[in-house]
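Visitor: Below you'll find data22.txt; it's compact mmCIF, C-alpha atoms and all ligand atoms.
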# COMPACT_ATOMS: atom_id res chain seq x y z
CA MET A 1 -17.81 -20.34 39.58
CA LYS A 2 -17.37 -20.18 43.35
CA ASN A 3 -18.75 -22.84 45.66
CA ILE A 4 -21.22 -22.48 48.50
CA ASN A 5 -20.73 -25.18 51.11
CA VAL A 6 -23.82 -26.62 52.71
CA ALA A 7 -24.29 -28.65 55.88
CA ILE A 8 -27.56 -30.41 56.54
CA ILE A 9 -28.68 -31.24 60.07
CA GLY A 10 -31.45 -33.86 60.18
CA CYS A 11 -31.54 -36.64 57.61
CA ASN A 12 -35.06 -38.06 57.58
CA PHE A 13 -37.94 -37.13 55.28
CA MET A 14 -37.01 -33.43 54.97
CA GLY A 15 -33.30 -34.24 54.90
CA LYS A 16 -33.97 -36.31 51.82
CA ALA A 17 -36.14 -33.65 50.15
CA HIS A 18 -33.49 -30.97 50.84
CA SER A 19 -30.56 -33.15 49.76
CA ASN A 20 -32.30 -33.78 46.47
CA ALA A 21 -32.80 -30.03 46.01
CA TRP A 22 -29.20 -29.09 46.89
CA SER A 23 -27.82 -31.70 44.52
CA ARG A 24 -30.15 -30.85 41.63
CA ALA A 25 -30.51 -27.09 41.64
CA ALA A 26 -27.30 -26.28 39.73
CA ARG A 27 -28.13 -28.86 37.06
CA PHE A 28 -31.39 -27.14 36.12
CA PHE A 29 -30.91 -23.52 37.20
CA ASP A 30 -28.19 -21.10 36.22
CA LEU A 31 -26.84 -20.49 39.72
CA PRO A 32 -24.29 -17.82 40.69
CA LEU A 33 -22.65 -20.21 43.19
CA ARG A 34 -22.28 -24.00 43.03
CA PRO A 35 -23.81 -25.79 46.08
CA VAL A 36 -21.43 -28.34 47.55
CA LEU A 37 -22.94 -31.02 49.77
CA GLN A 38 -20.26 -30.68 52.41
CA VAL A 39 -21.53 -32.19 55.68
CA ALA A 40 -24.52 -34.29 56.73
CA CYS A 41 -25.39 -34.57 60.41
CA ASP A 42 -27.69 -36.86 62.36
CA LEU A 43 -27.47 -39.01 65.49
CA ASN A 44 -27.35 -42.55 64.11
CA GLU A 45 -23.94 -42.99 62.50
CA THR A 46 -24.78 -46.14 60.55
CA ALA A 47 -27.89 -44.62 58.99
CA LEU A 48 -26.02 -41.36 58.41
CA LEU A 49 -23.18 -43.05 56.53
CA ALA A 50 -25.68 -44.68 54.16
CA PHE A 51 -27.57 -41.40 53.75
CA ALA A 52 -24.39 -39.42 52.99
CA ALA A 53 -23.18 -42.01 50.49
CA ASN A 54 -26.53 -42.07 48.72
CA TRP A 55 -26.88 -38.30 48.36
CA GLY A 56 -23.23 -37.42 47.92
CA TRP A 57 -22.55 -35.59 51.21
CA LYS A 58 -18.75 -35.43 51.56
CA HIS A 59 -18.42 -35.58 55.36
CA ILE A 60 -20.53 -36.65 58.30
CA GLU A 61 -20.89 -35.42 61.88
CA THR A 62 -23.07 -36.77 64.68
CA ASP A 63 -22.85 -33.61 66.80
CA TRP A 64 -24.53 -30.53 65.33
CA ARG A 65 -22.31 -28.21 67.39
CA LYS A 66 -19.28 -29.51 65.50
CA VAL A 67 -21.02 -28.76 62.21
CA ILE A 68 -21.57 -25.18 63.21
CA ALA A 69 -17.96 -24.79 64.34
CA ARG A 70 -16.59 -25.87 60.95
CA ASP A 71 -14.91 -23.28 58.71
CA ASP A 72 -15.81 -25.18 55.56
CA VAL A 73 -19.58 -24.59 56.00
CA ASP A 74 -21.38 -21.50 54.63
CA VAL A 75 -24.99 -22.61 54.97
CA VAL A 76 -26.70 -24.58 57.72
CA ASP A 77 -29.79 -26.40 56.51
CA ILE A 78 -32.00 -27.19 59.53
CA SER A 79 -34.09 -30.21 58.55
CA LEU A 80 -34.84 -31.14 62.15
CA PRO A 81 -38.10 -31.43 64.08
CA GLN A 82 -39.28 -27.99 65.20
CA PHE A 83 -38.34 -28.32 68.87
CA LEU A 84 -34.67 -28.16 67.81
CA HIS A 85 -34.91 -25.22 65.39
CA HIS A 86 -34.43 -22.44 67.91
CA GLU A 87 -31.25 -23.72 69.54
CA VAL A 88 -29.58 -24.74 66.29
CA ALA A 89 -30.61 -21.62 64.34
CA VAL A 90 -29.42 -19.24 67.06
CA ALA A 91 -26.05 -21.01 67.37
CA ALA A 92 -25.60 -21.18 63.59
CA ALA A 93 -26.46 -17.50 63.13
CA ARG A 94 -23.96 -16.57 65.85
CA ALA A 95 -21.36 -18.55 63.92
CA GLY A 96 -22.18 -16.48 60.81
CA LYS A 97 -23.84 -19.26 58.82
CA HIS A 98 -26.67 -18.58 56.36
CA LEU A 99 -29.85 -20.36 57.44
CA PHE A 100 -32.15 -22.57 55.40
CA CYS A 101 -34.74 -23.81 57.91
CA GLU A 102 -37.65 -26.22 57.71
CA LYS A 103 -41.10 -25.20 58.91
CA PRO A 104 -42.86 -24.83 61.28
CA MET A 105 -40.39 -22.25 62.46
CA ALA A 106 -40.45 -22.82 66.23
CA LEU A 107 -42.51 -23.85 69.23
CA SER A 108 -43.43 -20.29 70.29
CA VAL A 109 -43.39 -16.65 69.25
CA ALA A 110 -40.58 -16.05 71.76
CA GLU A 111 -38.38 -18.69 70.11
CA ALA A 112 -39.20 -17.44 66.60
CA GLU A 113 -38.43 -13.82 67.54
CA ALA A 114 -35.09 -14.84 69.03
CA MET A 115 -34.21 -16.71 65.81
CA LEU A 116 -35.07 -13.64 63.72
CA ALA A 117 -33.14 -11.28 66.01
CA GLU A 118 -29.98 -13.41 65.86
CA ALA A 119 -30.19 -13.88 62.08
CA GLU A 120 -30.61 -10.14 61.54
CA LYS A 121 -27.83 -9.29 63.95
CA ALA A 122 -25.48 -11.68 62.15
CA ARG A 123 -26.64 -10.29 58.75
CA VAL A 124 -26.99 -13.78 57.34
CA VAL A 125 -29.55 -14.87 54.76
CA HIS A 126 -32.48 -16.58 56.49
CA TYR A 127 -35.11 -18.66 54.76
CA LEU A 128 -38.06 -20.59 56.16
CA ASN A 129 -39.12 -23.44 53.93
CA HIS A 130 -42.81 -23.04 53.26
CA ASN A 131 -42.26 -24.90 50.03
CA TYR A 132 -45.76 -24.48 48.60
CA ARG A 133 -45.07 -20.82 47.79
CA ARG A 134 -42.75 -22.08 45.07
CA VAL A 135 -45.24 -24.26 43.24
CA PRO A 136 -45.71 -22.60 39.80
CA ALA A 137 -49.54 -22.65 40.07
CA VAL A 138 -49.33 -20.88 43.45
CA ARG A 139 -47.01 -18.25 41.95
CA LEU A 140 -49.52 -17.82 39.15
CA ALA A 141 -52.26 -17.29 41.75
CA ARG A 142 -50.19 -14.48 43.25
CA GLN A 143 -49.62 -12.92 39.80
CA LEU A 144 -53.35 -12.98 39.04
CA ILE A 145 -54.06 -11.30 42.37
CA GLU A 146 -51.37 -8.66 41.76
CA GLU A 147 -52.79 -7.99 38.29
CA GLY A 148 -56.20 -7.33 39.86
CA LYS A 149 -57.86 -10.31 38.18
CA ILE A 150 -59.52 -11.35 41.44
CA GLY A 151 -60.25 -7.79 42.54
CA ARG A 152 -60.99 -7.04 46.15
CA ILE A 153 -60.65 -10.27 48.11
CA PHE A 154 -63.64 -11.27 50.24
CA HIS A 155 -62.92 -14.88 51.20
CA TRP A 156 -60.01 -17.23 51.87
CA ARG A 157 -60.88 -20.89 52.41
CA GLY A 158 -57.94 -23.14 53.26
CA ALA A 159 -58.07 -26.82 54.10
CA TYR A 160 -55.02 -29.01 54.62
CA GLN A 161 -56.10 -32.61 55.05
CA GLN A 162 -54.13 -35.77 55.69
CA ASP A 163 -55.12 -39.18 57.09
CA TRP A 164 -51.92 -40.81 58.36
CA ILE A 165 -53.02 -41.23 61.99
CA VAL A 166 -56.62 -42.39 61.57
CA ASP A 167 -55.51 -45.86 62.75
CA PRO A 168 -55.66 -45.73 66.59
CA ASN A 169 -52.65 -48.04 66.67
CA PHE A 170 -50.47 -45.58 64.85
CA PRO A 171 -47.63 -45.01 67.35
CA LEU A 172 -47.04 -41.99 69.51
CA THR A 173 -44.31 -40.43 67.34
CA TRP A 174 -42.69 -37.05 68.09
CA GLN A 175 -45.33 -35.30 65.97
CA LEU A 176 -47.98 -36.29 68.54
CA ARG A 177 -46.21 -34.89 71.61
CA LYS A 178 -46.46 -31.25 72.62
CA GLU A 179 -42.86 -30.95 73.81
CA THR A 180 -41.47 -31.93 70.41
CA ALA A 181 -44.17 -30.72 68.00
CA GLY A 182 -45.65 -27.73 69.86
CA SER A 183 -49.06 -28.70 68.54
CA GLY A 184 -50.52 -31.12 65.98
CA PRO A 185 -51.81 -30.29 62.48
CA HIS A 186 -52.36 -26.71 63.61
CA ASN A 187 -48.58 -26.13 63.62
CA ASP A 188 -47.63 -28.69 61.03
CA LEU A 189 -50.28 -28.01 58.36
CA ASN A 190 -51.94 -24.70 59.24
CA SER A 191 -48.49 -23.14 59.25
CA HIS A 192 -48.37 -23.81 55.50
CA SER A 193 -51.89 -22.50 54.95
CA VAL A 194 -51.35 -19.39 57.08
CA ASP A 195 -48.13 -18.69 55.19
CA LEU A 196 -50.00 -19.01 51.88
CA ALA A 197 -52.82 -16.79 53.12
CA HIS A 198 -50.28 -14.14 54.17
CA TYR A 199 -48.66 -14.43 50.75
CA LEU A 200 -51.87 -14.27 48.73
CA VAL A 201 -54.37 -12.30 50.82
CA GLY A 202 -52.51 -10.30 53.48
CA ASP A 203 -52.01 -9.99 57.22
CA ILE A 204 -54.34 -11.70 59.67
CA LYS A 205 -55.79 -9.53 62.42
CA SER A 206 -57.85 -11.84 64.62
CA VAL A 207 -58.57 -15.55 65.00
CA SER A 208 -61.17 -17.84 66.56
CA CYS A 209 -60.10 -21.43 66.78
CA LEU A 210 -61.44 -24.82 67.81
CA THR A 211 -59.18 -27.82 68.27
CA THR A 212 -60.05 -31.38 69.13
CA ASN A 213 -58.42 -34.67 69.90
CA PHE A 214 -60.02 -37.91 68.70
CA ILE A 215 -57.56 -40.54 69.99
CA LYS A 216 -56.32 -39.84 73.51
CA GLU A 217 -53.67 -42.57 73.85
CA ARG A 218 -51.46 -44.42 71.42
CA PRO A 219 -48.90 -47.23 71.54
CA LEU A 220 -45.40 -46.02 72.36
CA PRO A 221 -43.16 -46.21 69.29
CA THR A 222 -40.56 -48.91 68.96
CA ALA A 223 -37.02 -47.69 68.27
CA GLY A 224 -36.64 -46.20 64.82
CA ALA A 225 -40.37 -45.74 64.16
CA ALA A 226 -40.88 -42.76 61.88
CA ALA A 227 -43.90 -40.77 60.79
CA PHE A 228 -46.00 -42.30 58.02
CA THR A 229 -45.24 -45.88 59.17
CA ALA A 230 -48.37 -47.19 60.84
CA GLY A 231 -48.34 -50.22 63.10
CA ALA A 232 -44.85 -49.71 64.50
CA GLY A 233 -46.11 -49.46 68.11
CA GLY A 234 -45.15 -51.80 70.94
CA ALA A 235 -47.65 -54.37 72.21
CA ALA A 236 -48.88 -52.95 75.49
CA ALA A 237 -47.20 -49.69 76.45
CA ARG A 238 -49.28 -46.66 75.60
CA GLY A 239 -48.85 -42.95 76.17
CA ALA A 240 -51.01 -39.83 76.06
CA VAL A 241 -51.38 -37.85 72.84
CA THR A 242 -50.67 -34.28 73.92
CA VAL A 243 -51.45 -32.37 70.72
CA GLU A 244 -54.71 -31.77 68.88
CA ASP A 245 -55.79 -34.06 66.03
CA ALA A 246 -57.70 -31.37 64.14
CA SER A 247 -57.91 -27.58 64.12
CA LEU A 248 -60.61 -25.31 62.70
CA MET A 249 -59.83 -21.61 62.64
CA MET A 250 -61.78 -18.55 61.44
CA VAL A 251 -59.88 -15.35 60.79
CA GLU A 252 -60.29 -11.70 59.91
CA PHE A 253 -57.66 -10.17 57.62
CA ALA A 254 -56.43 -6.60 58.06
CA ASN A 255 -57.83 -5.74 54.60
CA GLY A 256 -61.35 -6.77 55.58
CA ALA A 257 -61.38 -10.23 53.99
CA VAL A 258 -62.46 -13.18 56.13
CA GLY A 259 -61.12 -16.72 56.05
CA SER A 260 -61.28 -20.23 57.38
CA PHE A 261 -58.55 -22.81 57.93
CA GLU A 262 -59.05 -26.53 58.45
CA ALA A 263 -56.09 -28.74 59.39
CA THR A 264 -56.49 -32.43 60.12
CA ARG A 265 -54.74 -35.79 60.04
CA PHE A 266 -58.12 -37.56 60.19
CA ALA A 267 -59.54 -36.94 56.71
CA SER A 268 -59.71 -40.56 55.54
CA GLY A 269 -58.56 -40.92 51.97
CA ARG A 270 -56.91 -37.49 51.84
CA LYS A 271 -53.15 -38.06 51.77
CA ASN A 272 -51.73 -34.59 51.39
CA ARG A 273 -54.59 -32.43 50.22
CA ASN A 274 -53.50 -28.85 50.62
CA THR A 275 -56.25 -26.71 49.12
CA PHE A 276 -57.25 -23.08 49.04
CA GLU A 277 -59.96 -21.00 47.44
CA ILE A 278 -59.93 -17.22 47.11
CA TYR A 279 -63.06 -15.31 46.14
CA GLY A 280 -62.99 -11.66 45.07
CA SER A 281 -64.98 -8.91 43.40
CA GLU A 282 -63.66 -9.72 39.90
CA GLY A 283 -63.02 -13.44 40.03
CA ALA A 284 -61.82 -16.42 42.03
CA ILE A 285 -59.06 -19.00 42.18
CA GLY A 286 -58.77 -22.51 43.56
CA PHE A 287 -55.77 -24.78 44.18
CA ASP A 288 -55.41 -28.39 45.26
CA PHE A 289 -51.87 -29.66 45.84
CA GLU A 290 -52.90 -33.17 44.78
CA ARG A 291 -53.31 -31.58 41.31
CA MET A 292 -50.40 -29.21 41.83
CA ASN A 293 -49.75 -28.29 38.19
CA GLU A 294 -53.23 -26.84 37.82
CA LEU A 295 -54.91 -23.63 38.93
CA GLN A 296 -58.67 -23.07 38.82
CA PHE A 297 -59.58 -19.57 37.70
CA HIS A 298 -62.91 -17.83 37.31
CA SER A 299 -63.38 -14.36 35.85
CA ARG A 300 -66.62 -12.46 36.32
CA HIS A 301 -65.66 -10.66 33.08
CA ASP A 302 -66.00 -13.76 30.92
CA ALA A 303 -68.99 -13.75 28.60
CA GLU A 304 -72.25 -14.70 30.27
CA ASN A 305 -72.41 -17.97 28.37
CA MET A 306 -68.81 -18.82 29.45
CA GLN A 307 -69.17 -18.27 33.21
CA GLY A 308 -67.56 -20.90 35.42
CA PHE A 309 -64.06 -22.05 36.32
CA ARG A 310 -61.31 -22.84 33.83
CA THR A 311 -58.37 -25.13 34.57
CA ILE A 312 -55.00 -23.57 33.76
CA LEU A 313 -52.16 -26.07 33.32
CA ALA A 314 -49.25 -24.07 34.74
CA THR A 315 -46.56 -25.75 32.66
CA GLU A 316 -45.96 -23.14 29.93
CA PRO A 317 -42.48 -21.56 30.07
CA CYS A 318 -44.12 -18.21 30.94
CA HIS A 319 -44.96 -19.58 34.40
CA PRO A 320 -42.44 -18.97 37.19
CA TYR A 321 -39.67 -21.58 37.45
CA VAL A 322 -41.12 -23.76 34.68
CA LYS A 323 -38.72 -22.91 31.85
CA HIS A 324 -35.90 -24.57 33.81
CA TRP A 325 -37.60 -27.98 33.64
CA TRP A 326 -39.43 -29.70 30.80
CA PRO A 327 -41.45 -28.79 27.69
CA PRO A 328 -45.11 -27.71 28.27
CA GLY A 329 -47.35 -30.40 29.70
CA HIS A 330 -44.48 -32.38 31.22
CA VAL A 331 -45.65 -31.88 34.75
CA ILE A 332 -43.49 -31.35 37.83
CA GLY A 333 -43.89 -32.71 41.39
CA TYR A 334 -43.50 -32.22 45.13
CA GLU A 335 -39.68 -32.16 45.11
CA HIS A 336 -39.44 -29.37 42.54
CA ALA A 337 -40.60 -26.62 44.90
CA PHE A 338 -37.65 -27.47 47.17
CA THR A 339 -35.27 -27.09 44.25
CA HIS A 340 -36.84 -23.71 43.42
CA ALA A 341 -36.24 -22.65 47.02
CA VAL A 342 -32.57 -23.67 46.86
CA ALA A 343 -32.12 -21.78 43.57
CA ASP A 344 -33.63 -18.61 45.06
CA PHE A 345 -31.66 -19.03 48.28
CA VAL A 346 -28.35 -19.29 46.43
CA GLY A 347 -29.28 -16.15 44.45
CA ALA A 348 -30.02 -14.33 47.71
CA VAL A 349 -26.65 -15.30 49.19
CA ALA A 350 -24.74 -14.32 46.03
CA HIS A 351 -26.55 -11.11 45.11
CA GLY A 352 -28.30 -10.07 48.33
CA THR A 353 -31.67 -10.33 46.57
CA PRO A 354 -34.72 -10.43 48.88
CA LEU A 355 -35.86 -13.89 49.84
CA GLU A 356 -39.26 -14.92 51.15
CA PRO A 357 -40.55 -16.49 53.25
CA ASN A 358 -37.83 -15.54 55.70
CA PHE A 359 -37.72 -15.56 59.50
CA ARG A 360 -39.70 -12.29 59.60
CA ASP A 361 -42.53 -14.01 57.71
CA GLY A 362 -42.08 -16.97 60.04
CA VAL A 363 -42.57 -14.85 63.15
CA LYS A 364 -45.79 -13.46 61.64
CA CYS A 365 -47.01 -16.97 60.96
CA VAL A 366 -46.16 -18.27 64.45
CA ARG A 367 -48.02 -15.27 65.95
CA VAL A 368 -51.19 -16.30 64.14
CA LEU A 369 -50.78 -19.96 65.11
CA GLU A 370 -50.13 -19.10 68.75
CA ALA A 371 -53.16 -16.80 68.83
CA GLY A 372 -55.14 -19.74 67.39
CA LEU A 373 -54.08 -22.05 70.22
CA LYS A 374 -54.82 -19.34 72.75
CA SER A 375 -58.30 -18.93 71.28
CA ALA A 376 -58.88 -22.70 71.32
CA ALA A 377 -58.00 -22.72 75.03
CA SER A 378 -59.95 -19.60 76.00
CA GLY A 379 -62.94 -20.14 73.73
CA LYS A 380 -62.59 -16.47 72.77
CA ARG A 381 -61.58 -14.55 69.68
CA GLU A 382 -57.94 -13.47 69.95
CA PHE A 383 -56.12 -10.59 68.28
CA VAL A 384 -52.77 -11.34 66.64
C1 LIG B 401 -46.40 -34.11 57.58
O1 LIG B 401 -47.63 -33.78 58.04
C2 LIG B 401 -45.90 -33.29 56.41
O2 LIG B 401 -44.70 -33.85 56.01
C3 LIG B 401 -45.63 -31.82 56.78
O3 LIG B 401 -44.73 -31.71 57.86
C4 LIG B 401 -45.08 -31.13 55.56
O4 LIG B 401 -44.76 -29.82 55.82
C5 LIG B 401 -46.13 -31.22 54.47
O5 LIG B 401 -45.68 -30.56 53.33
C6 LIG B 401 -46.44 -32.65 54.16
O6 LIG B 401 -46.82 -33.30 55.34
Would you mind giving the structure from this file in structure tokens?
Ligand code: SOE
Guide:
Amino acid sequence: MKNINVAIIGCNFMGKAHSNAWSRAARFFDLPLRPVLQVACDLNETALLAFAANWGWKHIETDWRKVIARDDVDVVDISLPQFLHHEVAVAAARAGKHLFCEKPMALSVAEAEAMLAEAEKARVVHYLNHNYRRVPAVRLARQLIEEGKIGRIFHWRGAYQQDWIVDPNFPLTWQLRKETAGSGPHNDLNSHSVDLAHYLVGDIKSVSCLTTNFIKERPLPTAGAAAFTAGAGGAAARGAVTVEDASLMMVEFANGAVGSFEATRFASGRKNRNTFEIYGSEGAIGFDFERMNELQFHSRHDAENMQGFRTILATEPCHPYVKHWWPPGHVIGYEHAFTHAVADFVGAVAHGTPLEPNFRDGVKCVRVLEAGLKSAASGKREFV
């Protein structure tokens, strides 16, 4: 079997999730090419050496431009914060590298469109990692919709809730600054929900959005402070939070359905609650990532005395991806969807099979998000 050499740029939370996926995929899936963890790249050499040794990356680089110039790299995995995606993706595409990119895609529609144009011009495989599409229960939701079990869709209700910045002393990390994050949970979390809504319901036509900011200033981070580590702020120095803390968006889909999106980092007690509900003429479905192996399903065609929601445990081998893991009932977790993405990506590189979500889907998503921010600023409904 031939190898496919991977370089990862960015070795924090997502770098870890992606490294795990690259190193595991060939052990569980029958891949046409064997991923080789060739190069890991980040700025801090000491931390990078430890990271590479732990995950089995063969070489390290501290300059991403050198990674892209290497002949022994086929795939560039962009696990960086979003403000760096555009520059790195464009350069990597121009160098003929296949692109595996974290979400949210970019800071603006203009950046996202340029990334897509370069990837298409270079004819490389491009993938945008909205990992929740590859949760088996979410795939099942899509199958049920395609089979007509939900019928005509009337409502989408998405809510992505976290609580990691409720503490006003949580430091001003890069996620809370417009120049590095673009926006707050609207970009970070609504990007996932909008991607899922596109996948399950269809295109979004118009949006009305309200954003708010609860904590205006925060302590400046001390060196090395990362997201999800509260209390790492300095004593006195504070800076302005320049992104929203919560976003509420109402949308109209092209097919006539209507939807709502809630994205917040201020839902106390909710750690990573990514939920959606879809209501249609024949039935309904509900998903909550904190119970990610389950799908709620209601059929209006059930007997009158059986009406209600049933819980489907999506761990039977008939469910997408599941047969590669454990026997029924042996549930899977957050990291598995990343491994599914790597398996599909390698298939797309080897066989040219279609891969979604790709940069084209990403552009569509960024258009909706940008229209949302425009609406929040103008107070008006905006068309996508
Ligand atoms: C932080 O809010 C975060 O890590 C997101 O960036 C991820 O995309 C999401 O899956 C979990 O939360």
Visitor: Could you work out how far CA of Ala343 in chain A lies from CA of Asn5 in chain A, giving the answer in Å with one decimal?
Guide: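 Spanning CA of Asn5 in chain A to CA of Ala343 in chain A is a straight-line distance of 14.1 Å.
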Visitor: With distances taken over all atoms listed in the file, which residue among A:Thr180, A:Asn187, A:Ser281, A:Ser19 lies nearest Met105 in chain A?
Guide: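 Smallest distance to Met105 in chain A is found for A:Asn187.
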Visitor: Could you give me, as number ranges by chain, every polymer residue with an atom at most 8 Å away from an atom of ligand LIG 401 (chain B), counting only C-alpha atoms and all ligand atoms?
Guide: A: 13-14, 103-104, 130-132, 162, 185, 188-189, 192, 227, 265, 272
Visitor: Using all atoms listed in the file for the distances, tell me which of A:Arg65, A:Lys2, A:Arg24, A:Arg300 is nearest to His336 in chain A.
Guide: A:Arg24
Visitor: Range 189-284 of chain A near range 345-366 of chain A within 10 Å: what's each residue's closest atom pair and its distance in Å to one decimal, counting only C-alpha atoms, ordered by chain then ascending residue number, as JSON lines?
Guide:
{"residue": "A:Asn190", "atom": "CA", "partner": "A:Cys365", "partner_atom": "CA", "distance": 9.3}
{"residue": "A:Ser191", "atom": "CA", "partner": "A:Cys365", "partner_atom": "CA", "distance": 6.6}
{"residue": "A:His192", "atom": "CA", "partner": "A:Cys365", "partner_atom": "CA", "distance": 8.9}
{"residue": "A:Ser193", "atom": "CA", "partner": "A:Cys365", "partner_atom": "CA", "distance": 9.5}
{"residue": "A:Val194", "atom": "CA", "partner": "A:Cys365", "partner_atom": "CA", "distance": 6.3}
{"residue": "A:Asp195", "atom": "CA", "partner": "A:Cys365", "partner_atom": "CA", "distance": 6.1}
{"residue": "A:Leu196", "atom": "CA", "partner": "A:Cys365", "partner_atom": "CA", "distance": 9.8}
{"residue": "A:Ala197", "atom": "CA", "partner": "A:Cys365", "partner_atom": "CA", "distance": 9.8}
{"residue": "A:His198", "atom": "CA", "partner": "A:Cys365", "partner_atom": "CA", "distance": 8.1}
{"residue": "A:Tyr199", "atom": "CA", "partner": "A:Pro357", "partner_atom": "CA", "distance": 8.7}
{"residue": "A:Asp203", "atom": "CA", "partner": "A:Lys364", "partner_atom": "CA", "distance": 8.4}
{"residue": "A:Ile204", "atom": "CA", "partner": "A:Lys364", "partner_atom": "CA", "distance": 8.9}
Visitor: Given the choices A:Leu295, A:Ile165, A:Ile312, A:Val322, which gets closest to Thr264 in chain A if the distance is worked out from all atoms listed in the file?
Guide: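 Closest to Thr264 in chain A, using all atoms listed in the file: A:Ile165.
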Visitor: Using all atoms listed in the file - which residues lie no farther than 6 Å from the point (-61.2, -27.9, 65.3) in the file's frame? Write them as a PyMOL selection string.
Guide: chain A and resi 210-212+246-248
Visitor: Taking C-alpha atoms for each residue, export the selection above as an mmCIF file, in the coordinates of the input.
Guide:
data_model
loop_
_atom_site.group_PDB
_atom_site.id
_atom_site.type_symbol
_atom_site.label_atom_id
_atom_site.label_comp_id
_atom_site.auth_asym_id
_atom_site.auth_seq_id
_atom_site.Cartn_x
_atom_site.Cartn_y
_atom_site.Cartn_z
ATOM 1 C CA LEU A 210 -61.440 -24.820 67.810
ATOM 2 C CA THR A 211 -59.180 -27.820 68.270
ATOM 3 C CA THR A 212 -60.050 -31.380 69.130
ATOM 4 C CA ALA A 246 -57.700 -31.370 64.140
ATOM 5 C CA SER A 247 -57.910 -27.580 64.120
ATOM 6 C CA LEU A 248 -60.610 -25.310 62.700
#
Visitor: Name all residues at most 10 Å from Thr311 in chain A (count only C-alpha atoms; drop same-chain ones fewer than 2 positions away) and give them as number ranges by chain.
Guide: A: 285-287, 293-298, 309, 313-314
Visitor: For the residues selected in the previous step, produce a file with C-alpha atoms as a short mmCIF file (atom, residue, chain, number, x, y, z; two decimals), in the frame of the given file.
Guide:
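Saved to result.cif:
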data_model
loop_
_atom_site.label_atom_id
_atom_site.label_comp_id
_atom_site.auth_asym_id
_atom_site.auth_seq_id
_atom_site.Cartn_x
_atom_site.Cartn_y
_atom_site.Cartn_z
CA ILE A 285 -59.06 -19.00 42.18
CA GLY A 286 -58.77 -22.51 43.56
CA PHE A 287 -55.77 -24.78 44.18
CA ASN A 293 -49.75 -28.29 38.19
CA GLU A 294 -53.23 -26.84 37.82
CA LEU A 295 -54.91 -23.63 38.93
CA GLN A 296 -58.67 -23.07 38.82
CA PHE A 297 -59.58 -19.57 37.70
CA HIS A 298 -62.91 -17.83 37.31
CA PHE A 309 -64.06 -22.05 36.32
CA LEU A 313 -52.16 -26.07 33.32
CA ALA A 314 -49.25 -24.07 34.74
#
Visitor: Rounded to one decimal, what separation in Å do you get between CA of Glu146 in chain A and CA of Pro317 in chain A?
Guide: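 Spanning CA of Glu146 in chain A to CA of Pro317 in chain A is a straight-line distance of 19.5 Å.
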Visitor: One decimal, in Å: what's the spacing between CA of Glu102 in chain A and CA of Glu61 in chain A?
Guide: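 Interatomic distance, CA of Glu102 in chain A to CA of Glu61 in chain A: 19.6 Å.
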Visitor: Put a box with edges along x, y and z around all the listed atoms of range 265-274 of chain A, pad it by 4 Å on each side, then give me its centre and sizes in Å, one decimal, as JSON.
Guide:
{"center_x": -55.7, "center_y": -34.9, "center_z": 55.2, "size_x": 16.0, "size_y": 20.1, "size_z": 18.0}
Visitor: Write out as number ranges by chain which residues come within 7 Å of Val331 in chain A when counting all atoms listed in the file, dropping same-chain ones fewer than 2 positions away.
Guide: A: 293, 315, 329, 333
Visitor: Return as a Markdown table the residues of range 59-149 of chain A lying at most 12 Å from range 38-42 of chain A, together with the closest atom-to-atom pair for each and the distance in Å to one decimal, counting only C-alpha atoms, with rows in chain order and ascending residue number.
Guide:
| residue | atom | partner | partner_atom | distance |
| --- | --- | --- | --- | --- |
| A:His59 | CA | A:Val39 | CA | 4.6 |
| A:Ile60 | CA | A:Ala40 | CA | 4.9 |
| A:Glu61 | CA | A:Cys41 | CA | 4.8 |
| A:Thr62 | CA | A:Asp42 | CA | 5.2 |
| A:Asp63 | CA | A:Cys41 | CA | 6.9 |
| A:Trp64 | CA | A:Cys41 | CA | 6.4 |
| A:Arg65 | CA | A:Cys41 | CA | 9.9 |
| A:Lys66 | CA | A:Cys41 | CA | 9.4 |
| A:Val67 | CA | A:Val39 | CA | 7.4 |
| A:Ile68 | CA | A:Val39 | CA | 10.3 |
| A:Ala69 | CA | A:Val39 | CA | 11.9 |
| A:Arg70 | CA | A:Val39 | CA | 9.6 |
| A:Asp71 | CA | A:Gln38 | CA | 11.1 |
| A:Asp72 | CA | A:Gln38 | CA | 7.7 |
| A:Val73 | CA | A:Gln38 | CA | 7.1 |
| A:Asp74 | CA | A:Gln38 | CA | 9.5 |
| A:Val75 | CA | A:Gln38 | CA | 9.7 |
| A:Val76 | CA | A:Val39 | CA | 9.4 |
| A:Asp77 | CA | A:Ala40 | CA | 9.5 |
| A:Ile78 | CA | A:Cys41 | CA | 9.9 |
| A:Ser79 | CA | A:Cys41 | CA | 9.9 |
| A:Leu80 | CA | A:Asp42 | CA | 9.2 |
| A:Pro81 | CA | A:Asp42 | CA | 11.9 |
Visitor: List as a list in words: which residues have an atom within 9 Å of (-53.7, -45.9, 64.1), counting only C-alpha atoms?
Guide: Trp164, Ile165, Val166, Asp167, Pro168, Asn169, Phe170, Pro171, Ile215, Arg218, Pro219, Ala230 and Gly231 of chain A
Visitor: Just to be explicit: take each residue in the selection above, keep C-alpha atoms, and write the result as a compact mmCIF listing (two decimals), in the coordinates of the input.
Guide:
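again.txt, freshly written:
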# COMPACT_ATOMS: atom_id res chain seq x y z
CA TRP A 164 -51.92 -40.81 58.36
CA ILE A 165 -53.02 -41.23 61.99
CA VAL A 166 -56.62 -42.39 61.57
CA ASP A 167 -55.51 -45.86 62.75
CA PRO A 168 -55.66 -45.73 66.59
CA ASN A 169 -52.65 -48.04 66.67
CA PHE A 170 -50.47 -45.58 64.85
CA PRO A 171 -47.63 -45.01 67.35
CA ILE A 215 -57.56 -40.54 69.99
CA ARG A 218 -51.46 -44.42 71.42
CA PRO A 219 -48.90 -47.23 71.54
CA ALA A 230 -48.37 -47.19 60.84
CA GLY A 231 -48.34 -50.22 63.10
